Protein chains: 4
Amino acid sequence: MEYRVKSMELAEQGKLKIEWAENHMPVLMLLRKKYSESKPLRGLRIGAVLHVTKETAVLMKALKDAGAEDVVLAASNPLSTQDDVAAALVEYGIRVYAWRGMSSEEYYWCINQVVRSNPDIVLDDGGDLHATIHREHLDLADKIIGGTEETTTGVIRLKALERDGLLKYPVIAVNNAYTKHLFDNRYGTGQSTFDGILRATNILIAGKVVVVAGYGWVGRGIAMRARGLGARRVIVTEVDPVRALEAVFDGFEVMPMIEAAKVGDIFITATGDKAVIRKEHMEKMKDGAILANAGHFNVEIWIPDLESLSAGKRLIRPNVTEYKLRDGRRIYLLAEGRLVNLVAAEGHPSEVMDMSFANQFLAVKYLYDNRGKLPPKVFNPPLELDERVARLKLESMNIEIDKLTKEQEEYLKSWTLGT
Amino acid sequence: MEYRVKSMELAEQGKLKIEWAENHMPVLMLLRKKYSESKPLRGLRIGAVLHVTKETAVLMKALKDAGAEDVVLAASNPLSTQDDVAAALVEYGIRVYAWRGMSSEEYYWCINQVVRSNPDIVLDDGGDLHATIHREHLDLADKIIGGTEETTTGVIRLKALERDGLLKYPVIAVNNAYTKHLFDNRYGTGQSTFDGILRATNILIAGKVVVVAGYGWVGRGIAMRARGLGARRVIVTEVDPVRALEAVFDGFEVMPMIEAAKVGDIFITATGDKAVIRKEHMEKMKDGAILANAGHFNVEIWIPDLESLSAGKRLIRPNVTEYKLRDGRRIYLLAEGRLVNLVAAEGHPSEVMDMSFANQFLAVKYLYDNRGKLPPKVFNPPLELDERVARLKLESMNIEIDKLTKEQEEYLKSWTLGT
Amino acid sequence: MEYRVKSMELAEQGKLKIEWAENHMPVLMLLRKKYSESKPLRGLRIGAVLHVTKETAVLMKALKDAGAEDVVLAASNPLSTQDDVAAALVEYGIRVYAWRGMSSEEYYWCINQVVRSNPDIVLDDGGDLHATIHREHLDLADKIIGGTEETTTGVIRLKALERDGLLKYPVIAVNNAYTKHLFDNRYGTGQSTFDGILRATNILIAGKVVVVAGYGWVGRGIAMRARGLGARRVIVTEVDPVRALEAVFDGFEVMPMIEAAKVGDIFITATGDKAVIRKEHMEKMKDGAILANAGHFNVEIWIPDLESLSAGKRLIRPNVTEYKLRDGRRIYLLAEGRLVNLVAAEGHPSEVMDMSFANQFLAVKYLYDNRGKLPPKVFNPPLELDERVARLKLESMNIEIDKLTKEQEEYLKSWTLGT
Amino acid sequence: MEYRVKSMELAEQGKLKIEWAENHMPVLMLLRKKYSESKPLRGLRIGAVLHVTKETAVLMKALKDAGAEDVVLAASNPLSTQDDVAAALVEYGIRVYAWRGMSSEEYYWCINQVVRSNPDIVLDDGGDLHATIHREHLDLADKIIGGTEETTTGVIRLKALERDGLLKYPVIAVNNAYTKHLFDNRYGTGQSTFDGILRATNILIAGKVVVVAGYGWVGRGIAMRARGLGARRVIVTEVDPVRALEAVFDGFEVMPMIEAAKVGDIFITATGDKAVIRKEHMEKMKDGAILANAGHFNVEIWIPDLESLSAGKRLIRPNVTEYKLRDGRRIYLLAEGRLVNLVAAEGHPSEVMDMSFANQFLAVKYLYDNRGKLPPKVFNPPLELDERVARLKLESMNIEIDKLTKEQEEYLKSWTLGT
């Protein structure tokens, strides 16, 4: 079996981590248990580019247990791999190509290993796998039954591909499942972003001025937790007027980044766009400002600008790079501008990945069950899968909800009943 | 000029109220100012069934100033009319048929006055006007250019009408504008519901167990404010598993109403459905429980059940009816189960109605501008109107936001740029 | 029986109000029930200057039922009297001198009626009764067994009196009971201040910039609720550096009033000091700024400065005076600068007054039980009374708490047990 | 120079850590700068038992720079030492006796090294140093000028010593400085406790039921952050009725631990007492319950009971011990029941320790300046030191506050000015 990981000696530690994750992923575990008997994925070849974390491991195991023949996994970020988990997965028969701290070349070499495994279904996080296939392996694309995409960023890229008429296979935008983006993006990133910031810096959030760029689901999760941790001011920057207004009415300050730059203590980007924090902003920042990114790619904080303004840099703490600016000010960049929650902490907690990956699992099964029937488009996940995930999650938490009575159902269907 | 209001002597007081509202509705005032010159609604006959409040008055004046020939207004709830505002509107040339405390017969008589005025465009809040036209005046329906609908409840009814193939004219679901339902339903109702409860009862929310039925936009606004006012426990009941799960992760307890009934101090319904609180729940409630409704119709708390359980009732405070149950417990019903924010307080603050009614105004203009071009369906408001309202609102608050740079726009359109 | 109220015809309505309060004051009701049998206050003459509200009525009745011979009550603020409650109290045999909207002369005339009734024990709210006795009736002071004081403001005045060596009888600073100031000042005023502001203005708090002057218990209650109602920014002004720092770490902005004046939408004073908002601040305010006071006296917003800056004024809504400044800006003063919660709403909810007045009741009993034994000083309430009130309140809410085990008690007493 | 640390090779890494702390401790750095010139502690011998963290290092350096002749430091907890910081301190000339993971015997051996250095002034955290001196070295006690104590727990022990008439030297209860306990205990522990829990477990707080034992300053900080991180229910247990009631009105549930045990997902103790979670509670807990302690000693969760109920245990993650109960349930104990913030994370953020240790520094100087003048009692820190720390902190954050005008000062002193 081919694979490449840091060290197989880490496997035992990785297994414990995975066991811990399994304890906190009841929905996925229930699906795994159910389908490990019926094996609905029998014979399927799966290629995945995902963050190699303990939660991803639980998904990989579930796919394998459901009958998948070959499961090949590469990392979706050069810095996010948990090497012990990678090793443990190899022991479980997953072909992993991932280690923390890979170069950009190595990163794409690994993705290419996934492509070359001739997968029937491809799972992606951020769109680099889909882009690689469409750019360099169009011959293989035709044989692909379908794909999934985990992130907002990846969905935006796939929609661009679809709009340009180039998309070659159906893709389920798992990100668009309610039980994914309403939870993982918001509560998952909200908490884990601060987990990463605290592990990296150990600073006190209370009393600080926190600037959040972007008020999508990720941004609002971060803003909510900044408030919850006692920030003195939480400032949101946006380009969309409706979202900006929502931030205002949610109790946050809204202003352009050029104004926020002057007063912020901590800046967190979550826009999915490039150069959201750039030279003009860095020039206004206070000595000691801290920059972190929660978006998929390390382009939101424009590092070339930071480099060009600086006289020197050093690693003052793990994941904290001190840039000494020529005017004497110091700016601290966390996790090299990559996803701070995955690099400086462990990524999303298992409890939210439980839902995200239950959606992934069900999406794979749906694509396989409907193979040949779906046109090459970007689909939202079927609502019934979403509801199923939600119901299973509630059950796992011992939470019951109400049911509509017959009278109530009828009432909702009627247009004649009024005052 | 024909009209019917409580007393024209109240007009002066009503005018002051309207002036106060105008001070807090900058977007609508700006539109009014702009279109009172170009008069784009010249010649238009408008029939409206809306809550007759100071904010509605500002909308009515704006429509009139924009050239509308005849504006006829009836109340959309028997208990929500502000009589002084009604009188003032008459002085401004609006033909009002509304007074607080009308009977059900009078209520429909007033709606019929609106229909009989031969309106070109009809504005509705809750769907009683649309239902009346489709039930009793199908002859007039054909001449109607289009309509609007303000509420979730009304939109549900109109969709039922559309689904049954009976809808006779295009309707813009103003409720579905982001700048309407994200704000008015959530922040407006959230605050004004508690404003109504406090005026009615003067109880302390801190330390109380508050039960919110429904976790739509209205319900989540109420739950958020219950938390913000210090409730000891905020319990949400739901029938939708995704919403239920969202409530859980938002930090609320979720349980079936039959369990919540045992522990709640205050119950607030916001479901749009009937009999959400019924006999089986009332039987479990604590002595002193308080029931309030924030949904459109007074059907959510099933009053016949309350009556049947009771040995007697009395009005212990304005808008607080004490039901003495046969087993000795007392249950307090606020505002006769009608919209507590409109009956016991003044409805939504002007600041949110500013956006809702700017959307109404623009929807009327859109229907008129596009007359003859739209099929008889329920439409969402055009996104550009939504954005325009948001931008005007931000400007009125002196809040600036960022703009995408060219590089950022391109980045968002590209699928090739990745790690 | 001598008394003076607005109209005895309001008594029935007042009785209903008092009944409602009784339903929400379980601790005081329990004490009333217990001591209406043993009558420990038999023969006692009580003079009180308190806000004449439904909650005060429950206290007055409890004192009377416990055996007090004569209970005389005047208002502690010219605008805070609930006339129907005053009338009802007269029917219950309390000699009330109070009506809403009295002049300053009438106000002191009423206080003098209380003094002239030769009270044995005097209850005060704000210190005007104690000051009147010490200023004008020193002959009567010697016969007074003791007094109580309800507010922070009054306690400050009494401490000044004590420091000057002039205090003539022992006073229990009821305000200093934990079960009083931690609850009534914070949760009571926090909620009721916004209740008053909303009734007066019907504005939306979400999106607003709220400035709170003073971060004592009252101020922090207000700041907490401003946050809870969705204010975009909550700014605190302080003179005490420790409190200022606490506000910062509680997640609020702190700045001098002269800076806050430029950005605030709503200003609320809670300092106990005079001229906290004065000319220099008013000159900086935005058009439309709203001023409200939550402190005891109407001196915190310096009205003479507002008058001197204005070209005219008018009452635009009940309790909202519009000052038109000479430069065209408009500033809105609520409730004439008096306690906005008592003038524009109903004062503290019964649930907190339950504890405050249980403390008052127990303080009166304590003074009577210990008559002749206490020197003329300002005392904090005995801790055991405080604990008793807390335990009764918890019981009334069906809340149980833990008890220390013997081992735990011993552990806490030991200094030898360590790592 | 005598000392004992893990490895001097860690010194460079420790120095970077200390530099990072210095960047976030502006008040202490300012005092250090000022007194490194005047050297007011010249000749003083200082013995300290504190958590050996980067923040403590900044204090040690400040004392040394202010002229202290000999500074000897031992750890105040066997598991809380940061070995790299310990090594760096040795390089700075501080005699450190501390390493992470010491046995109980080693722990006391280190404390005895401090005592044997013949310190003039002793700094303690938890009271083990003071207790050791009073138990075993009474001969040395007479020569001690005074001591300080950092924690609530230590102050309780010292008061017991004082009450028993045994205290031998004056002790300043630094914990009782407002700028210490209101900040460090509340915001510091509140955040760092969850930092420790997240690093240990990586679980999602949103949706969880968190039980906080104790509602002192530490407990309320933890409860506040549990809420802020989205916990579904935050349950407080207390023995003090006033605090319990405060928790209720702060919006938390209160119940006895025996009830909370059934529903909690995460239990955090912060009482300062022993066996707060014991057998009877563990027997009721859900499978998977997580136990963490934020109190000074590892006695709050009674580990012998956990051991006796268990069939086995293993370390499933760093700082997470899985106890497998005989009935199959699993309970997870974090950090062996020791201070979770110090063992699993880095302890309080520098920003709060800045104030706590500025108070320590000023207390040492005060004791030295007043040597021979203070009786052997437990003192609160002088108010003027507290205010000084607060003002310096505000300045370091560029926050200005108001000053009383002369009129305002006079007003506050007067008892005659009223309505």
# chains A, B, ... in the order shown; residues from 1 in each chain; ligands from 1

$ residues_around --residues "Lys274 of chain A" --least-positions-apart "2" --cutoff "6 Å" --atoms "only C-alpha atoms" --output "number ranges by chain"
A: 276, 299-300; B: 408

$ closest_atom_pairs --of "chain B" --to "chain C" --cutoff "10 Å" --atoms "only C-alpha atoms" --output "Markdown table"
| residue | atom | partner | partner_atom | distance |
| --- | --- | --- | --- | --- |
| B:Gln13 | CA | C:Arg317 | CA | 8.4 |
| B:Gly14 | CA | C:Arg317 | CA | 10.0 |
| B:Lys15 | CA | C:Ile316 | CA | 9.7 |
| B:Leu16 | CA | C:Ile316 | CA | 5.9 |
| B:Lys17 | CA | C:Arg317 | CA | 7.0 |
| B:Glu19 | CA | C:Ile316 | CA | 8.5 |
| B:Trp20 | CA | C:Ile316 | CA | 7.4 |
| B:Ala21 | CA | C:Ile203 | CA | 9.0 |
| B:Asn23 | CA | C:Gly288 | CA | 8.2 |
| B:His24 | CA | C:Ile203 | CA | 7.9 |
| B:Phe183 | CA | C:Ala206 | CA | 9.8 |
| B:Tyr187 | CA | C:Ala206 | CA | 6.9 |
| B:Gly188 | CA | C:Leu204 | CA | 7.4 |
| B:Gly190 | CA | C:Leu229 | CA | 8.9 |
| B:Gln191 | CA | C:Leu229 | CA | 7.2 |
| B:Ser192 | CA | C:Asn202 | CA | 8.5 |
| B:Phe194 | CA | C:Asp195 | CA | 9.2 |
| B:Asp195 | CA | C:Asp195 | CA | 7.0 |
| B:Gly196 | CA | C:Arg199 | CA | 9.4 |
| B:Leu198 | CA | C:Asp195 | CA | 7.0 |
| B:Arg199 | CA | C:Asp195 | CA | 7.7 |
| B:Thr201 | CA | C:Trp20 | CA | 8.6 |
| B:Asn202 | CA | C:Pro349 | CA | 5.6 |
| B:Ile203 | CA | C:Pro349 | CA | 5.1 |
| B:Leu204 | CA | C:Pro349 | CA | 5.3 |
| B:Ile205 | CA | C:Gln191 | CA | 8.1 |
| B:Ala206 | CA | C:Tyr187 | CA | 6.9 |
| B:Gly207 | CA | C:Met397 | CA | 8.9 |
| B:Lys208 | CA | C:Met397 | CA | 9.2 |
| B:Met224 | CA | C:Gly228 | CA | 8.1 |
| B:Arg225 | CA | C:Leu229 | CA | 6.1 |
| B:Ala226 | CA | C:Gly228 | CA | 8.6 |
| B:Arg227 | CA | C:Gly228 | CA | 7.2 |
| B:Gly228 | CA | C:Gly228 | CA | 3.5 |
| B:Leu229 | CA | C:Gly228 | CA | 6.0 |
| B:Gly230 | CA | C:Gly228 | CA | 8.1 |
| B:Gly288 | CA | C:Asn23 | CA | 8.2 |
| B:Leu315 | CA | C:Leu16 | CA | 9.1 |
| B:Ile316 | CA | C:Leu16 | CA | 5.9 |
| B:Arg317 | CA | C:Lys17 | CA | 7.0 |
| B:Ala345 | CA | C:Arg199 | CA | 7.8 |
| B:Glu346 | CA | C:Asn202 | CA | 7.0 |
| B:Gly347 | CA | C:Asn202 | CA | 8.5 |
| B:His348 | CA | C:Asn202 | CA | 8.0 |
| B:Pro349 | CA | C:Ile203 | CA | 5.1 |
| B:Ser350 | CA | C:Ile203 | CA | 6.6 |
| B:Glu351 | CA | C:Leu204 | CA | 6.2 |
| B:Val352 | CA | C:Leu204 | CA | 7.6 |
| B:Met397 | CA | C:Gly207 | CA | 8.9 |

$ residues_around --residues "segment 369-383 of chain C" --least-positions-apart "4" --cutoff "7 Å" --atoms "only C-alpha atoms" --output "list in words"
Ile145, Lys159, Glu162, Leu167, Lys168, Tyr169, Pro170, Val171, Ile172, Ala173, Val174, Asn176, Ala177, Ala363, Lys365 and Glu387 of chain C

$ write_last_selection --atoms "all heavy atoms" --output "CSV table (one decimal), in the first residue's frame"
chain,number,residue,atom,x,y,z
C,145,ILE,N,-36.8,56.8,67.4
C,145,ILE,CA,-36.1,55.6,67.7
C,145,ILE,C,-35.0,55.3,66.7
C,145,ILE,O,-33.9,54.9,67.0
C,145,ILE,CB,-37.1,54.4,67.8
C,145,ILE,CG1,-38.0,54.5,68.9
C,145,ILE,CG2,-36.3,53.0,67.8
C,145,ILE,CD1,-39.1,53.5,68.9
C,159,LYS,N,-24.2,59.8,55.7
C,159,LYS,CA,-22.8,59.7,56.1
C,159,LYS,C,-22.2,61.1,56.3
C,159,LYS,O,-21.4,61.3,57.2
C,159,LYS,CB,-22.0,58.8,55.1
C,159,LYS,CG,-22.5,57.4,55.0
C,159,LYS,CD,-21.4,56.4,55.4
C,159,LYS,CE,-22.0,55.0,55.5
C,159,LYS,NZ,-21.1,54.0,55.9
C,162,GLU,N,-23.5,62.2,59.6
C,162,GLU,CA,-22.8,61.5,60.6
C,162,GLU,C,-21.3,62.1,60.8
C,162,GLU,O,-20.9,62.3,61.9
C,162,GLU,CB,-22.7,60.0,60.3
C,162,GLU,CG,-22.0,59.2,61.4
C,162,GLU,CD,-21.9,57.7,60.9
C,162,GLU,OE1,-21.8,57.5,59.7
C,162,GLU,OE2,-21.9,56.8,61.7
C,167,LEU,N,-25.8,63.7,63.3
C,167,LEU,CA,-26.9,62.7,63.2
C,167,LEU,C,-27.5,62.4,64.5
C,167,LEU,O,-26.8,62.2,65.5
C,167,LEU,CB,-26.3,61.4,62.6
C,167,LEU,CG,-27.3,60.3,62.3
C,167,LEU,CD1,-28.3,60.7,61.2
C,167,LEU,CD2,-26.6,59.0,61.8
C,168,LYS,N,-28.8,62.4,64.6
C,168,LYS,CA,-29.5,62.4,65.9
C,168,LYS,C,-30.1,61.0,66.3
C,168,LYS,O,-30.6,60.8,67.4
C,168,LYS,CB,-30.7,63.4,65.9
C,168,LYS,CG,-30.2,64.8,65.9
C,168,LYS,CD,-29.5,65.2,67.2
C,168,LYS,CE,-28.9,66.6,67.1
C,168,LYS,NZ,-27.9,66.8,68.2
C,169,TYR,N,-30.2,60.1,65.3
C,169,TYR,CA,-30.8,58.8,65.7
C,169,TYR,C,-30.1,57.8,64.8
C,169,TYR,O,-29.5,58.1,63.8
C,169,TYR,CB,-32.3,58.8,65.5
C,169,TYR,CG,-32.8,59.4,64.2
C,169,TYR,CD1,-32.7,58.7,63.0
C,169,TYR,CD2,-33.3,60.7,64.2
C,169,TYR,CE1,-33.1,59.3,61.8
C,169,TYR,CE2,-33.7,61.3,63.0
C,169,TYR,CZ,-33.6,60.6,61.8
C,169,TYR,OH,-34.1,61.2,60.7
C,170,PRO,N,-30.1,56.5,65.2
C,170,PRO,CA,-29.5,55.5,64.4
C,170,PRO,C,-30.3,55.3,63.1
C,170,PRO,O,-31.5,55.3,63.1
C,170,PRO,CB,-29.6,54.2,65.3
C,170,PRO,CG,-30.7,54.5,66.2
C,170,PRO,CD,-30.7,56.0,66.4
C,171,VAL,N,-29.5,55.0,62.0
C,171,VAL,CA,-30.2,54.8,60.7
C,171,VAL,C,-29.6,53.5,60.1
C,171,VAL,O,-28.4,53.3,60.1
C,171,VAL,CB,-29.9,56.0,59.7
C,171,VAL,CG1,-30.6,55.6,58.4
C,171,VAL,CG2,-30.5,57.3,60.3
C,172,ILE,N,-30.5,52.7,59.7
C,172,ILE,CA,-30.0,51.5,59.0
C,172,ILE,C,-30.1,51.8,57.5
C,172,ILE,O,-31.1,52.1,56.9
C,172,ILE,CB,-30.9,50.2,59.3
C,172,ILE,CG1,-30.7,49.9,60.8
C,172,ILE,CG2,-30.6,49.0,58.4
C,172,ILE,CD1,-31.4,48.6,61.3
C,173,ALA,N,-28.9,51.6,56.9
C,173,ALA,CA,-28.7,51.9,55.5
C,173,ALA,C,-29.2,50.6,54.7
C,173,ALA,O,-28.5,49.8,54.3
C,173,ALA,CB,-27.3,52.2,55.1
C,174,VAL,N,-30.5,50.6,54.6
C,174,VAL,CA,-31.1,49.4,53.9
C,174,VAL,C,-30.5,49.2,52.5
C,174,VAL,O,-30.3,48.1,52.1
C,174,VAL,CB,-32.7,49.6,53.8
C,174,VAL,CG1,-33.3,48.5,52.8
C,174,VAL,CG2,-33.3,49.5,55.2
C,176,ASN,N,-27.6,49.2,51.7
C,176,ASN,CA,-26.4,48.5,51.8
C,176,ASN,C,-26.6,47.0,52.0
C,176,ASN,O,-25.6,46.2,52.1
C,176,ASN,CB,-25.5,49.0,52.9
C,176,ASN,CG,-25.0,50.4,52.5
C,176,ASN,OD1,-25.4,51.0,51.5
C,176,ASN,ND2,-24.2,51.0,53.4
C,177,ALA,N,-27.8,46.6,52.3
C,177,ALA,CA,-28.1,45.1,52.3
C,177,ALA,C,-27.7,44.6,50.9
C,177,ALA,O,-28.1,45.1,49.9
C,177,ALA,CB,-29.6,44.9,52.6
C,363,ALA,N,-35.7,45.8,58.9
C,363,ALA,CA,-34.9,46.9,59.6
C,363,ALA,C,-35.8,47.6,60.6
C,363,ALA,O,-35.3,48.0,61.7
C,363,ALA,CB,-34.4,47.8,58.5
C,365,LYS,N,-38.3,46.4,62.2
C,365,LYS,CA,-38.5,45.5,63.4
C,365,LYS,C,-37.2,45.5,64.2
C,365,LYS,O,-37.3,45.5,65.4
C,365,LYS,CB,-38.8,44.1,62.8
C,365,LYS,CG,-39.1,43.1,63.9
C,365,LYS,CD,-39.7,41.8,63.4
C,365,LYS,CE,-39.9,40.8,64.5
C,365,LYS,NZ,-38.6,40.4,65.2
C,387,GLU,N,-29.3,37.4,54.8
C,387,GLU,CA,-29.3,36.0,54.5
C,387,GLU,C,-30.7,35.4,54.5
C,387,GLU,O,-31.1,34.6,53.7
C,387,GLU,CB,-28.4,35.1,55.4
C,387,GLU,CG,-27.0,35.2,55.1
C,387,GLU,CD,-26.3,33.9,55.3
C,387,GLU,OE1,-27.0,32.9,55.8
C,387,GLU,OE2,-25.1,33.8,55.0

$ residues_around --residues "Leu182 of chain A" --least-positions-apart "4" --cutoff "12 Å" --atoms "only C-alpha atoms" --output "ChimeraX atom specification"
/A:152,174-178,186-190,216-221,352-353,355-356,386,390 /B:242-243,245-247,249-250

$ residues_around --residues "Met29 of chain B" --least-positions-apart "5" --cutoff "9 Å" --atoms "only C-alpha atoms" --output "list in words"
Glu22, Asn23, Lys34, Val58, Leu59, Ala62, Asp354 and Ala358 of chain B

$ atom_distance --atom1 "atom CA of Ile331 of chain A" --atom2 "atom CA of Asp287 of chain A"
6.5 Å

$ decode --residues "segment 402-408 of chain A" --atoms "all heavy atoms" --output "mmCIF file, in the first residue's frame"
data_model
loop_
_atom_site.group_PDB
_atom_site.id
_atom_site.type_symbol
_atom_site.label_atom_id
_atom_site.label_comp_id
_atom_site.auth_asym_id
_atom_site.auth_seq_id
_atom_site.Cartn_x
_atom_site.Cartn_y
_atom_site.Cartn_z
ATOM 1 N N ASP A 402 -41.161 19.259 19.173
ATOM 2 C CA ASP A 402 -42.588 19.081 18.938
ATOM 3 C C ASP A 402 -42.867 18.553 17.544
ATOM 4 O O ASP A 402 -42.013 18.617 16.657
ATOM 5 C CB ASP A 402 -43.308 20.429 19.122
ATOM 6 C CG ASP A 402 -43.606 20.722 20.584
ATOM 7 O OD1 ASP A 402 -44.056 19.792 21.279
ATOM 8 O OD2 ASP A 402 -43.396 21.855 21.022
ATOM 9 N N LYS A 403 -44.097 18.010 17.359
ATOM 10 C CA LYS A 403 -44.575 17.649 16.025
ATOM 11 C C LYS A 403 -45.838 18.446 15.744
ATOM 12 O O LYS A 403 -46.629 18.693 16.647
ATOM 13 C CB LYS A 403 -44.932 16.155 15.990
ATOM 14 C CG LYS A 403 -43.729 15.271 15.759
ATOM 15 C CD LYS A 403 -44.156 13.806 15.713
ATOM 16 C CE LYS A 403 -42.981 12.956 16.131
ATOM 17 N NZ LYS A 403 -43.364 11.587 16.522
ATOM 18 N N LEU A 404 -46.042 18.798 14.489
ATOM 19 C CA LEU A 404 -47.279 19.479 14.116
ATOM 20 C C LEU A 404 -48.455 18.524 14.308
ATOM 21 O O LEU A 404 -48.376 17.350 13.959
ATOM 22 C CB LEU A 404 -47.225 19.921 12.653
ATOM 23 C CG LEU A 404 -46.261 21.047 12.317
ATOM 24 C CD1 LEU A 404 -46.295 21.322 10.812
ATOM 25 C CD2 LEU A 404 -46.607 22.318 13.077
ATOM 26 N N THR A 405 -49.551 19.034 14.868
ATOM 27 C CA THR A 405 -50.785 18.250 14.900
ATOM 28 C C THR A 405 -51.416 18.328 13.503
ATOM 29 O O THR A 405 -51.024 19.151 12.671
ATOM 30 C CB THR A 405 -51.782 18.831 15.921
ATOM 31 O OG1 THR A 405 -52.113 20.159 15.494
ATOM 32 C CG2 THR A 405 -51.158 18.884 17.297
ATOM 33 N N LYS A 406 -52.380 17.468 13.256
ATOM 34 C CA LYS A 406 -53.061 17.510 11.950
ATOM 35 C C LYS A 406 -53.705 18.863 11.704
ATOM 36 O O LYS A 406 -53.645 19.411 10.617
ATOM 37 C CB LYS A 406 -54.137 16.418 11.905
ATOM 38 C CG LYS A 406 -53.575 15.116 11.379
ATOM 39 C CD LYS A 406 -54.670 14.114 11.078
ATOM 40 C CE LYS A 406 -54.017 12.739 10.877
ATOM 41 N NZ LYS A 406 -55.004 11.647 10.968
ATOM 42 N N GLU A 407 -54.343 19.382 12.748
ATOM 43 C CA GLU A 407 -54.984 20.691 12.609
ATOM 44 C C GLU A 407 -53.945 21.758 12.249
ATOM 45 O O GLU A 407 -54.219 22.654 11.464
ATOM 46 C CB GLU A 407 -55.674 21.099 13.923
ATOM 47 C CG GLU A 407 -56.946 20.344 14.232
ATOM 48 C CD GLU A 407 -56.647 18.983 14.858
ATOM 49 O OE1 GLU A 407 -55.451 18.711 15.161
ATOM 50 O OE2 GLU A 407 -57.580 18.190 15.031
ATOM 51 N N GLN A 408 -52.802 21.661 12.851
ATOM 52 C CA GLN A 408 -51.768 22.666 12.577
ATOM 53 C C GLN A 408 -51.256 22.545 11.146
ATOM 54 O O GLN A 408 -51.033 23.548 10.471
ATOM 55 C CB GLN A 408 -50.618 22.515 13.579
ATOM 56 C CG GLN A 408 -51.009 22.977 14.982
ATOM 57 C CD GLN A 408 -49.885 22.819 15.991
ATOM 58 O OE1 GLN A 408 -49.102 21.872 15.911
ATOM 59 N NE2 GLN A 408 -49.817 23.726 16.940
#
